[in-house]
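First up is the structure itself, then whatever we jot down about it.
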Amino acid sequence: MDRETRLKRLRFRAWHRGTKEADLLVGGFFDRYSNGWNDEQIGWFEALMNEQDVDIMAWAIGSAPVPEQWRGEMMNRLQRVDYIPISE
């Protein structure tokens, strides 16, 4: 599958997680950073999409320890939580 198709599918999965909170966290992260991802980073995010929303959210906000397989720059960016659009 080509890069564009992978990213389109990932964007859909990122914004259709099941709860508004997870959509904002995961979808916001995708929208903010995905344009600069290389194939390895896309693969990381694809694998992350197979995890439970409650786990992803807990890792992002620091209420649960991040498993070794998810540690690194991508998780560090996710944990910044500076990409969620906030309406005034």
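In the structure tokens, each chain is lettered A, B, ... as it comes, each chain's residues begin at 1, and ligands are numbered from 1 in order of appearance.
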- Hey, what's within 9 Å of A:Trp15 if we count only C-alpha atoms and toss same-chain stuff fewer than 4 positions away? As number ranges by chain, please? A: 10-11, 20, 22-28, 30
What does the file look like for those residues with N, CA, C and O atoms, as a PDB file, in the first residue's frame?
```pdb
ATOM      1  N   LEU A  10      -4.985   5.710   8.258  1.00  0.00           N
ATOM      2  CA  LEU A  10      -4.617   6.026   9.629  1.00  0.00           C
ATOM      3  C   LEU A  10      -5.370   7.243  10.156  1.00  0.00           C
ATOM      4  O   LEU A  10      -5.770   7.275  11.317  1.00  0.00           O
ATOM      5  N   ARG A  11      -5.544   8.234   9.309  1.00  0.00           N
ATOM      6  CA  ARG A  11      -6.284   9.426   9.745  1.00  0.00           C
ATOM      7  C   ARG A  11      -7.710   9.045  10.127  1.00  0.00           C
ATOM      8  O   ARG A  11      -8.229   9.489  11.148  1.00  0.00           O
ATOM      9  N   LYS A  20     -15.062  10.878  22.175  1.00  0.00           N
ATOM     10  CA  LYS A  20     -14.604  12.207  21.760  1.00  0.00           C
ATOM     11  C   LYS A  20     -13.202  12.501  22.293  1.00  0.00           C
ATOM     12  O   LYS A  20     -12.357  13.062  21.596  1.00  0.00           O
ATOM     13  N   ALA A  22     -10.760  10.375  23.076  1.00  0.00           N
ATOM     14  CA  ALA A  22      -9.750   9.612  22.334  1.00  0.00           C
ATOM     15  C   ALA A  22      -9.587  10.157  20.924  1.00  0.00           C
ATOM     16  O   ALA A  22      -8.465  10.235  20.409  1.00  0.00           O
ATOM     17  N   ASP A  23     -10.692  10.559  20.295  1.00  0.00           N
ATOM     18  CA  ASP A  23     -10.603  11.155  18.956  1.00  0.00           C
ATOM     19  C   ASP A  23      -9.724  12.399  18.983  1.00  0.00           C
ATOM     20  O   ASP A  23      -8.865  12.579  18.119  1.00  0.00           O
ATOM     21  N   LEU A  24      -9.940  13.256  19.962  1.00  0.00           N
ATOM     22  CA  LEU A  24      -9.158  14.490  20.053  1.00  0.00           C
ATOM     23  C   LEU A  24      -7.689  14.214  20.329  1.00  0.00           C
ATOM     24  O   LEU A  24      -6.807  14.837  19.728  1.00  0.00           O
ATOM     25  N   LEU A  25      -7.428  13.278  21.221  1.00  0.00           N
ATOM     26  CA  LEU A  25      -6.044  12.958  21.560  1.00  0.00           C
ATOM     27  C   LEU A  25      -5.323  12.324  20.374  1.00  0.00           C
ATOM     28  O   LEU A  25      -4.299  12.827  19.911  1.00  0.00           O
ATOM     29  N   VAL A  26      -5.863  11.228  19.879  1.00  0.00           N
ATOM     30  CA  VAL A  26      -5.190  10.467  18.825  1.00  0.00           C
ATOM     31  C   VAL A  26      -5.293  11.180  17.474  1.00  0.00           C
ATOM     32  O   VAL A  26      -4.307  11.302  16.746  1.00  0.00           O
ATOM     33  N   GLY A  27      -6.483  11.680  17.147  1.00  0.00           N
ATOM     34  CA  GLY A  27      -6.652  12.400  15.883  1.00  0.00           C
ATOM     35  C   GLY A  27      -5.875  13.704  15.844  1.00  0.00           C
ATOM     36  O   GLY A  27      -5.265  14.045  14.831  1.00  0.00           O
ATOM     37  N   GLY A  28      -5.887  14.417  16.966  1.00  0.00           N
ATOM     38  CA  GLY A  28      -5.122  15.663  17.039  1.00  0.00           C
ATOM     39  C   GLY A  28      -3.635  15.420  16.864  1.00  0.00           C
ATOM     40  O   GLY A  28      -2.930  16.166  16.177  1.00  0.00           O
ATOM     41  N   PHE A  30      -2.279  12.870  15.282  1.00  0.00           N
ATOM     42  CA  PHE A  30      -2.062  12.513  13.880  1.00  0.00           C
ATOM     43  C   PHE A  30      -2.015  13.763  12.999  1.00  0.00           C
ATOM     44  O   PHE A  30      -1.095  13.933  12.191  1.00  0.00           O
TER      45      PHE A  30
END
```
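Considering the residues A:Gly62, A:Gln52, A:Arg17, A:Tyr83 and counting only C-alpha atoms, A:Ser34 has its shortest atom-to-atom contact with A:Tyr83.
The shortest atom-to-atom distance to A:Phe12, with only C-alpha atoms taken into account, belongs to A:Met49 out of A:Arg32, A:Trp37, A:Ser63, A:Met49.
Compared by their closest atoms to A:Asp53, and using only C-alpha atoms, the residues A:Glu73, A:Glu21, A:Asp2, A:Asp82 rank with A:Glu21 nearest.
Coordinates place atom CA of A:Asn35 at a distance of 13.5 Å from atom CA of A:Met74.
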- Message: Please identify the alpha helix (DSSP H) residues within stretch 40-83 of chain A (assignment by DSSP from backbone atoms) and present them as a ChimeraX atom specification.
- Response: /A:40-48,53-61,73-80
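Nearest to A:Gln41 of all the residues A:Arg3, A:Arg80, A:Lys8, A:His16 is A:Arg3, counting only C-alpha atoms.
Among the candidate residues A:Val66, A:Leu7, A:Ile56, A:Ile61, the one lying nearest to A:Asn38 is A:Leu7, with distances computed using only C-alpha atoms.
The two atoms in question, atom CA of A:Val54 and atom CA of A:Tyr33, are spaced 21.3 Å apart.
Counting only C-alpha atoms and comparing A:Trp59, A:Asp31, A:Thr19, A:Glu40, the residue that lies closest to A:Arg71 is A:Trp59.
Reported to one decimal place, the separation of atom CA of A:Met57 from atom CA of A:Leu78 is 9.4 Å.
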